[in-house]
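To be precise, the following lines are input.txt, and they hold compact mmCIF, C-alpha atoms.
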# COMPACT_ATOMS: atom_id res chain seq x y z
CA MET U 1 -21.05 53.29 33.65
CA ALA U 2 -24.61 52.17 33.45
CA ALA U 3 -23.69 49.72 30.75
CA THR U 4 -21.08 47.94 32.89
CA THR U 5 -23.43 47.52 35.81
CA ASP U 6 -25.97 46.22 33.44
CA HIS U 7 -23.48 43.76 32.06
CA GLU U 8 -22.37 42.57 35.46
CA GLU U 9 -25.89 42.06 36.53
CA HIS U 10 -26.59 40.17 33.40
CA THR U 11 -23.72 37.74 33.73
CA GLY U 12 -24.44 37.31 37.41
CA ALA U 13 -27.99 36.41 36.64
CA ARG U 14 -26.97 33.97 33.97
CA ALA U 15 -24.41 32.23 36.18
CA SER U 16 -26.90 31.81 38.99
CA SER U 17 -29.52 30.45 36.65
CA ARG U 18 -27.06 27.97 35.14
CA ALA U 19 -25.70 26.62 38.42
CA PRO U 20 -28.77 24.69 39.57
CA ARG U 21 -29.38 23.24 36.11
CA ARG U 22 -25.84 21.92 36.11
CA ARG U 23 -26.29 20.22 39.45
CA GLY U 24 -29.53 18.64 38.29
CA GLY U 25 -28.65 17.00 34.95
CA GLY U 26 -24.88 17.09 35.46
CA ARG U 27 -24.30 13.38 35.35
CA ILE U 28 -26.28 12.81 32.18
CA ALA U 29 -24.72 15.83 30.48
CA ALA U 30 -21.25 14.58 31.39
CA ALA U 31 -22.04 11.10 30.07
CA VAL U 32 -23.39 12.50 26.82
CA SER U 33 -20.40 14.78 26.31
CA PHE U 34 -18.02 11.92 27.12
CA PHE U 35 -19.78 9.74 24.56
CA GLY U 36 -19.58 12.56 22.02
CA GLU U 37 -15.87 12.94 22.63
CA LEU U 38 -15.41 9.21 22.13
CA LEU U 39 -17.18 9.45 18.77
CA ILE U 40 -15.00 12.38 17.71
CA THR U 41 -11.93 10.42 18.76
CA ALA U 42 -13.07 7.39 16.76
CA GLY U 43 -13.60 9.59 13.71
CA LEU U 44 -10.13 11.11 14.05
CA ILE U 45 -8.55 7.66 14.39
CA LEU U 46 -10.33 6.42 11.25
CA GLY U 47 -9.15 9.52 9.41
CA LEU U 48 -5.60 8.87 10.56
CA PHE U 49 -5.91 5.26 9.44
CA VAL U 50 -6.82 6.41 5.93
CA ALA U 51 -3.81 8.72 5.93
CA TYR U 52 -1.68 5.84 7.16
CA SER U 53 -2.82 3.36 4.50
CA LEU U 54 -2.85 5.68 1.52
CA TRP U 55 0.08 7.92 2.28
CA TRP U 56 2.40 6.79 5.05
CA THR U 57 2.72 3.16 3.89
CA ASN U 58 3.76 4.52 0.47
CA VAL U 59 6.42 6.72 2.04
CA VAL U 60 7.86 3.81 4.01
CA ALA U 61 7.57 1.31 1.14
CA ASP U 62 9.13 3.61 -1.47
CA ARG U 63 12.08 4.24 0.80
CA GLU U 64 12.55 0.52 1.40
CA ALA U 65 12.07 -0.41 -2.28
CA ASP U 66 14.66 2.19 -3.34
CA LYS U 67 17.11 0.81 -0.83
CA GLN U 68 16.61 -2.79 -1.92
CA GLY U 69 16.65 -1.82 -5.61
CA ASP U 70 19.93 0.04 -5.21
CA LYS U 71 21.40 -3.00 -3.51
CA VAL U 72 20.45 -5.24 -6.44
CA ARG U 73 21.90 -2.76 -8.95
CA ASP U 74 25.10 -2.56 -6.91
CA HIS U 75 25.38 -6.35 -6.96
CA TRP U 76 24.92 -6.39 -10.70
CA ALA U 77 27.53 -3.71 -11.18
CA GLU U 78 30.05 -5.48 -8.97
CA ASP U 79 30.09 -8.82 -10.64
CA ARG U 80 30.25 -8.75 -14.41
CA GLY U 81 31.38 -12.36 -14.74
CA PRO U 82 29.00 -15.26 -14.25
CA VAL U 83 25.57 -15.31 -15.80
CA GLY U 84 22.73 -16.04 -13.47
CA LEU U 85 20.02 -14.73 -11.27
CA ASP U 86 20.45 -13.56 -7.74
CA THR U 87 17.22 -14.70 -6.14
CA LYS U 88 17.86 -13.65 -2.58
CA ASP U 89 17.85 -9.89 -2.98
CA GLY U 90 15.60 -9.77 -6.00
CA ILE U 91 15.74 -11.16 -9.49
CA GLY U 92 15.25 -8.00 -11.49
CA PHE U 93 13.07 -5.02 -12.29
CA LEU U 94 9.68 -4.82 -13.91
CA HIS U 95 9.04 -1.86 -16.21
CA VAL U 96 5.49 -1.22 -17.36
CA PRO U 97 5.37 2.07 -19.32
CA ALA U 98 1.54 2.10 -19.34
CA MET U 99 1.46 2.12 -15.52
CA LYS U 100 3.84 5.09 -15.34
CA ASN U 101 5.39 3.92 -12.11
CA GLY U 102 9.03 3.54 -13.03
CA GLU U 103 10.76 0.32 -12.15
CA VAL U 104 9.50 -2.25 -9.69
CA LEU U 105 11.88 -4.58 -7.94
CA VAL U 106 10.80 -8.23 -8.17
CA LYS U 107 11.60 -10.64 -5.39
CA LYS U 108 10.74 -14.21 -4.56
CA GLY U 109 7.50 -14.87 -2.73
CA THR U 110 4.24 -13.03 -2.25
CA SER U 111 4.09 -12.79 1.53
CA THR U 112 2.45 -9.67 2.93
CA LYS U 113 5.67 -8.79 4.66
CA SER U 114 7.79 -8.65 1.53
CA LEU U 115 5.10 -7.05 -0.65
CA ASN U 116 4.77 -4.33 1.98
CA ASP U 117 8.30 -3.22 1.09
CA GLY U 118 6.91 -1.75 -2.13
CA ILE U 119 8.08 -4.51 -4.42
CA ALA U 120 6.41 -7.09 -6.64
CA GLY U 121 6.74 -10.75 -5.74
CA TYR U 122 6.65 -13.83 -7.92
CA TYR U 123 4.43 -16.65 -6.71
CA THR U 124 5.85 -19.67 -4.97
CA ASP U 125 2.45 -20.71 -3.67
CA PRO U 126 -0.23 -21.90 -4.56
CA VAL U 127 1.17 -22.23 -8.10
CA LYS U 128 4.91 -22.01 -8.47
CA SER U 129 5.91 -19.31 -10.91
CA ALA U 130 8.25 -19.94 -13.80
CA LEU U 131 11.15 -17.52 -14.25
CA PRO U 132 11.60 -15.41 -17.37
CA GLN U 133 14.61 -17.40 -18.56
CA ASP U 134 12.71 -20.71 -18.38
CA LYS U 135 11.96 -22.24 -21.77
CA LYS U 136 8.27 -22.54 -20.91
CA GLY U 137 5.96 -21.45 -18.15
CA ASN U 138 4.14 -18.60 -16.56
CA PHE U 139 6.00 -15.84 -14.70
CA SER U 140 3.34 -14.78 -12.18
CA LEU U 141 3.61 -11.64 -10.06
CA ALA U 142 1.63 -9.84 -7.37
CA ALA U 143 1.95 -6.32 -5.95
CA HIS U 144 -0.12 -3.80 -4.04
CA ARG U 145 -2.86 -1.75 -5.67
CA ASP U 146 -3.01 0.90 -2.91
CA GLY U 147 -0.63 1.72 -0.13
CA HIS U 148 2.73 0.06 0.47
CA GLY U 149 4.15 1.49 -2.73
CA ALA U 150 0.97 0.81 -4.76
CA GLN U 151 3.13 -0.59 -7.54
CA PHE U 152 0.20 -1.99 -9.55
CA HIS U 153 -2.13 0.93 -8.91
CA ASN U 154 -2.58 1.68 -12.61
CA ILE U 155 -3.01 -1.93 -13.70
CA ASP U 156 -6.33 -0.97 -15.30
CA LYS U 157 -4.43 1.30 -17.74
CA LEU U 158 -2.86 -1.75 -19.36
CA LYS U 159 -4.42 -2.56 -22.72
CA LYS U 160 -3.85 -5.28 -25.29
CA GLY U 161 -0.51 -4.75 -26.99
CA ASP U 162 1.11 -2.75 -24.17
CA ALA U 163 4.63 -3.67 -23.27
CA ILE U 164 5.73 -5.27 -20.02
CA VAL U 165 9.50 -5.34 -19.80
CA PHE U 166 11.41 -7.36 -17.26
CA GLU U 167 15.01 -6.43 -16.70
CA THR U 168 17.50 -8.91 -15.30
CA LYS U 169 21.23 -8.59 -14.97
CA ASP U 170 21.85 -9.80 -18.51
CA ASN U 171 18.58 -9.58 -20.43
CA TRP U 172 15.57 -7.47 -21.25
CA TYR U 173 12.50 -9.69 -21.53
CA VAL U 174 9.89 -7.87 -23.58
CA TYR U 175 6.33 -9.12 -23.09
CA LYS U 176 3.16 -7.88 -24.80
CA VAL U 177 -0.19 -7.85 -23.05
CA TYR U 178 -2.69 -10.10 -24.86
CA ALA U 179 -5.51 -10.51 -22.32
CA THR U 180 -6.88 -8.89 -19.19
CA LEU U 181 -9.40 -10.09 -16.62
CA PRO U 182 -10.75 -7.04 -14.78
CA GLU U 183 -12.51 -9.00 -12.07
CA THR U 184 -12.13 -12.51 -10.75
CA SER U 185 -12.48 -14.38 -7.48
CA LYS U 186 -9.51 -14.44 -5.16
CA PHE U 187 -9.80 -18.23 -5.17
CA ASN U 188 -9.20 -18.38 -8.91
CA VAL U 189 -5.66 -19.77 -8.76
CA LYS U 190 -6.00 -21.15 -12.31
CA VAL U 191 -4.97 -17.73 -13.64
CA LEU U 192 -1.45 -18.61 -12.48
CA ALA U 193 -1.30 -21.93 -14.35
CA PRO U 194 1.67 -22.57 -16.66
CA ILE U 195 -0.83 -22.39 -19.53
CA PRO U 196 -3.45 -19.86 -18.37
CA LYS U 197 -6.54 -21.26 -20.15
CA GLU U 198 -8.74 -18.36 -19.11
CA SER U 199 -6.62 -16.01 -21.20
CA GLY U 200 -7.38 -18.11 -24.27
CA LYS U 201 -4.02 -19.89 -24.55
CA LYS U 202 -3.92 -23.60 -25.29
CA LYS U 203 -0.23 -24.26 -25.83
CA ALA U 204 2.72 -23.92 -23.51
CA GLY U 205 4.65 -20.71 -23.95
CA ARG U 206 6.48 -18.00 -22.05
CA TYR U 207 3.81 -15.99 -20.31
CA ILE U 208 3.72 -13.30 -17.65
CA THR U 209 0.80 -12.80 -15.25
CA LEU U 210 0.26 -9.70 -13.09
CA THR U 211 -2.23 -9.95 -10.24
CA THR U 212 -3.47 -7.34 -7.77
CA CYS U 213 -6.67 -6.46 -5.97
CA THR U 214 -9.68 -4.63 -7.38
CA PRO U 215 -11.69 -2.38 -7.11
CA VAL U 216 -9.23 0.20 -5.83
CA PHE U 217 -9.03 0.61 -2.05
CA THR U 218 -10.57 -2.82 -1.41
CA SER U 219 -9.66 -6.40 -2.08
CA ARG U 220 -12.98 -7.93 -2.94
CA TYR U 221 -11.78 -9.22 -6.33
CA ARG U 222 -8.55 -9.74 -8.21
CA TYR U 223 -7.40 -8.03 -11.40
CA VAL U 224 -5.32 -10.12 -13.78
CA VAL U 225 -3.23 -9.13 -16.80
CA TRP U 226 -1.54 -11.67 -19.08
CA GLY U 227 1.35 -11.07 -21.43
CA GLU U 228 3.37 -13.23 -23.76
CA LEU U 229 7.10 -13.00 -24.40
CA GLU U 230 7.85 -11.25 -27.64
CA ARG U 231 11.62 -11.17 -27.64
CA VAL U 232 14.67 -11.16 -25.43
CA GLU U 233 17.34 -8.49 -25.79
CA LYS U 234 20.82 -8.75 -24.39
CA VAL U 235 21.78 -6.02 -21.95
CA ASN U 236 24.66 -3.97 -23.33
CA ASP U 237 27.36 -2.16 -21.39
CA GLU U 238 25.36 1.05 -21.09
CA ARG U 239 22.21 -0.89 -20.17
CA THR U 240 20.41 0.86 -23.01
CA PRO U 241 16.73 0.12 -22.50
CA PRO U 242 14.70 -1.48 -25.31
CA PRO U 243 12.65 0.88 -27.53
CA GLU U 244 9.48 0.21 -25.49
CA LEU U 245 10.96 2.06 -22.53
CA ARG U 246 12.35 5.06 -24.38
CA MET L 1 -12.63 13.58 28.78
CA TYR L 2 -10.53 16.19 26.98
CA GLY L 3 -11.72 18.85 29.40
CA TRP L 4 -10.65 16.64 32.29
CA ILE L 5 -7.19 16.11 30.75
CA TRP L 6 -6.85 19.85 30.11
CA ARG L 7 -7.72 20.70 33.73
CA HIS L 8 -5.19 18.19 35.04
CA LEU L 9 -2.28 19.45 32.96
CA PRO L 10 0.18 21.59 34.89
CA GLY L 11 1.24 25.13 34.06
CA ASN L 12 -0.41 28.04 32.33
CA THR L 13 -2.32 27.96 29.06
CA TRP L 14 0.84 27.95 26.91
CA ALA L 15 2.46 25.13 28.85
CA ARG L 16 -0.75 23.13 28.67
CA ALA L 17 -1.05 23.72 24.93
CA LEU L 18 2.54 22.57 24.44
CA ILE L 19 2.02 19.44 26.54
CA SER L 20 -1.21 18.73 24.65
CA LEU L 21 0.63 18.95 21.35
CA VAL L 22 3.32 16.56 22.57
CA LEU L 23 0.64 14.13 23.78
CA VAL L 24 -1.16 14.27 20.43
CA LEU L 25 2.08 13.60 18.56
CA ALA L 26 2.86 10.70 20.88
CA VAL L 27 -0.57 9.18 20.25
CA VAL L 28 -0.17 9.57 16.47
CA TYR L 29 3.27 7.97 16.65
CA VAL L 30 1.98 4.97 18.60
CA LEU L 31 -0.91 4.58 16.15
CA PHE L 32 1.29 4.74 13.03
CA GLN L 33 4.09 2.66 14.43
CA TYR L 34 2.25 -0.08 16.29
CA VAL L 35 -1.54 -0.01 16.13
CA PHE L 36 -2.14 0.48 12.39
CA PRO L 37 0.49 -2.04 11.21
CA TRP L 38 -1.16 -4.53 13.53
CA ALA L 39 -4.70 -3.73 12.42
CA GLU L 40 -4.10 -3.50 8.70
CA PRO L 41 -3.71 -7.20 7.85
CA LEU L 42 -6.93 -7.89 9.77
CA LEU L 43 -8.90 -5.61 7.45
CA PRO L 44 -9.91 -6.63 3.92
CA PHE L 45 -8.21 -3.82 1.99
CA ASN L 46 -4.87 -5.12 0.91
CA ASP L 47 -4.94 -8.78 -0.10
CA VAL L 48 -3.51 -8.81 -3.58
CA THR L 49 -2.72 -12.46 -4.28
CA VAL L 50 -4.91 -15.26 -5.51
CA ASP L 51 -4.77 -18.21 -3.17
CA ASN L 52 -6.70 -21.12 -1.76
CA GLN L 53 -7.45 -19.65 1.61

Mind turning this structure into structure tokens?
Amino acid sequence: MAATTDHEEHTGARASSRAPRRRGGGRIAAAVSFFGELLITAGLILGLFVAYSLWWTNVVADREADKQGDKVRDHWAEDRGPVGLDTKDGIGFLHVPAMKNGEVLVKKGTSTKSLNDGIAGYYTDPVKSALPQDKKGNFSLAAHRDGHGAQFHNIDKLKKGDAIVFETKDNWYVYKVYATLPETSKFNVKVLAPIPKESGKKKAGRYITLTTCTPVFTSRYRYVVWGELERVEKVNDERTPPPELR
Amino acid sequence: MYGWIWRHLPGNTWARALISLVLVLAVVYVLFQYVFPWAEPLLPFNDVTVDNQ
């Protein structure tokens, strides 16, 4: 009994002592707490943005890439007759065992919009890419390092001698990595040249160039990997992959 | 700000909590669907190509 009275008195005293203080500095306290809430909100939004770029864009891009990849495979399955490349929906699939990312659909162009679908694009600008079936030239590709499928996330795992296999409707093009450039300026368009001199090549040949951004999570520099065609295998009826992919 | 929103929501505590949750989800949806896709290309995180620009 005594305890409750005590308690009531106590709270009563506290409330009365708080009331005048609130009236006095109320406006400043409210402004400070509003500012604090804004900061918390900003922090939450930044956190959500990280989740968006590193997780959600991958979810969306993987879904889209699967859909577009299935479409290309369906097209290939439907028409067994004429030989040729279907450039509108995608020209084929890139397999890089060292990157452990399965197959990557390759389409024309390196616009942000198409790369955001979780695919790799071959350059049309500033240096026009050659295609794998061309007698000579450089097949140059770009894809995301993080987010939007992050198809070239593990580009740094590629070492000299690793296989890069490009699958088209009728052929397996097997390339071998012969040079890497872990850091270069984003203005260095010479890496896409038909004969990429920076990789040490002097003569025309059938090359492949992979480009993406580096270091991870930023795009301050570009990472470049060069490969040279080793052989071309015909696709058989079961589409048995070449030994590099088994 | 949040206290003000809470006080202006109708209903008892449970109803307010439910409405708050719906509001939070709506905000997250708008951010993921419209705001972030707009903001992302403006930030220097995801340029992967070499070019002249």

Exercise for the section: Please return, as a PyMOL selection string, all residues of chain L lying within 7 Å of chain U when all atoms listed in the file are considered. Expected result: chain L and resi 1+32+36+44-52

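The coordinates place CA of Leu105 in chain U at 23.4 Å from CA of Lys160 in chain U.
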
Practice task
Find the distance between CA of Leu181 in chain U and CA of Lys157 in chain U and write it in Å to one decimal.
Solution key: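 Those two atoms sit 12.5 Å apart.
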
Handout entry: Shortest interatomic distance to Ile164 in chain U - which of U:Ala204, U:Ala120, U:Ala150, U:Ala98, counting only C-alpha atoms
Key =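 That would be U:Ala98, the residue with the smallest distance to Ile164 in chain U.
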
Padding of 8 Å on every side, edges along x, y and z, all listed atoms of range 160-164 of chain U included: what centre and edge lengths in Å, to one decimal, does that box have, as lines of an AutoDock Vina configuration file?
center_x = 0.9
center_y = -4.0
center_z = -23.5
size_x = 25.6
size_y = 18.5
size_z = 23.0

Problem - Nearby residues (all atoms listed in the file) at most 12 Å from Leu21 in chain L, same-chain spacing under 6 positions excluded, as a list in words - result: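 In the requested form, the answer reads Trp6, Leu9, Trp14, Ala15, Val27 and Val28 of chain L.
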
Output C-alpha atoms of each residue in that selection to a file, as a JSON list (two decimals), keeping the file's coordinate frame.
[["chain", "number", "residue", "atom", "x", "y", "z"],
["L", 6, "TRP", "CA", -6.85, 19.85, 30.11],
["L", 9, "LEU", "CA", -2.28, 19.45, 32.96],
["L", 14, "TRP", "CA", 0.84, 27.95, 26.91],
["L", 15, "ALA", "CA", 2.46, 25.13, 28.85],
["L", 27, "VAL", "CA", -0.57, 9.18, 20.25],
["L", 28, "VAL", "CA", -0.17, 9.57, 16.47]]

Handout entry: Interatomic distance (Å, one decimal) between CA of Val59 in chain U and CA of Phe166 in chain U
Key = 24.4 Å

Handout entry: Test item: residues at most 8 Å from Tyr175 in chain U, only C-alpha atoms, excluding those fewer than 3 positions along its chain, as number ranges by chain
Key = U: 163-166, 207-208, 227-231

Practice task
Find the residue from U:Ala61, U:Ile195, U:Ile91, U:Leu131 that sits nearest to His75 in chain U; use only C-alpha atoms when measuring.
Solution key: U:Ile91

Shell around Gly69 in chain U at 9 Å using all atoms listed in the file, local window under 2 positions removed, as a compact mmCIF listing (two decimals) with C-alpha atoms, in the frame of the given file:
# COMPACT_ATOMS: atom_id res chain seq x y z
CA GLU U 64 12.55 0.52 1.40
CA ALA U 65 12.07 -0.41 -2.28
CA ASP U 66 14.66 2.19 -3.34
CA LYS U 67 17.11 0.81 -0.83
CA LYS U 71 21.40 -3.00 -3.51
CA VAL U 72 20.45 -5.24 -6.44
CA ARG U 73 21.90 -2.76 -8.95
CA ASP U 74 25.10 -2.56 -6.91
CA ASP U 89 17.85 -9.89 -2.98
CA GLY U 90 15.60 -9.77 -6.00
CA GLY U 92 15.25 -8.00 -11.49
CA PHE U 93 13.07 -5.02 -12.29
CA VAL U 104 9.50 -2.25 -9.69
CA LEU U 105 11.88 -4.58 -7.94

Practice task
Excluding range 237-246 of chain U and residues on its chain fewer than 3 positions from it, collect all residues at most 9 Å away from it, counting only C-alpha atoms, and give them as a ChimeraX atom specification.
Solution key: /U:95-97,162-165,167,172,174,233
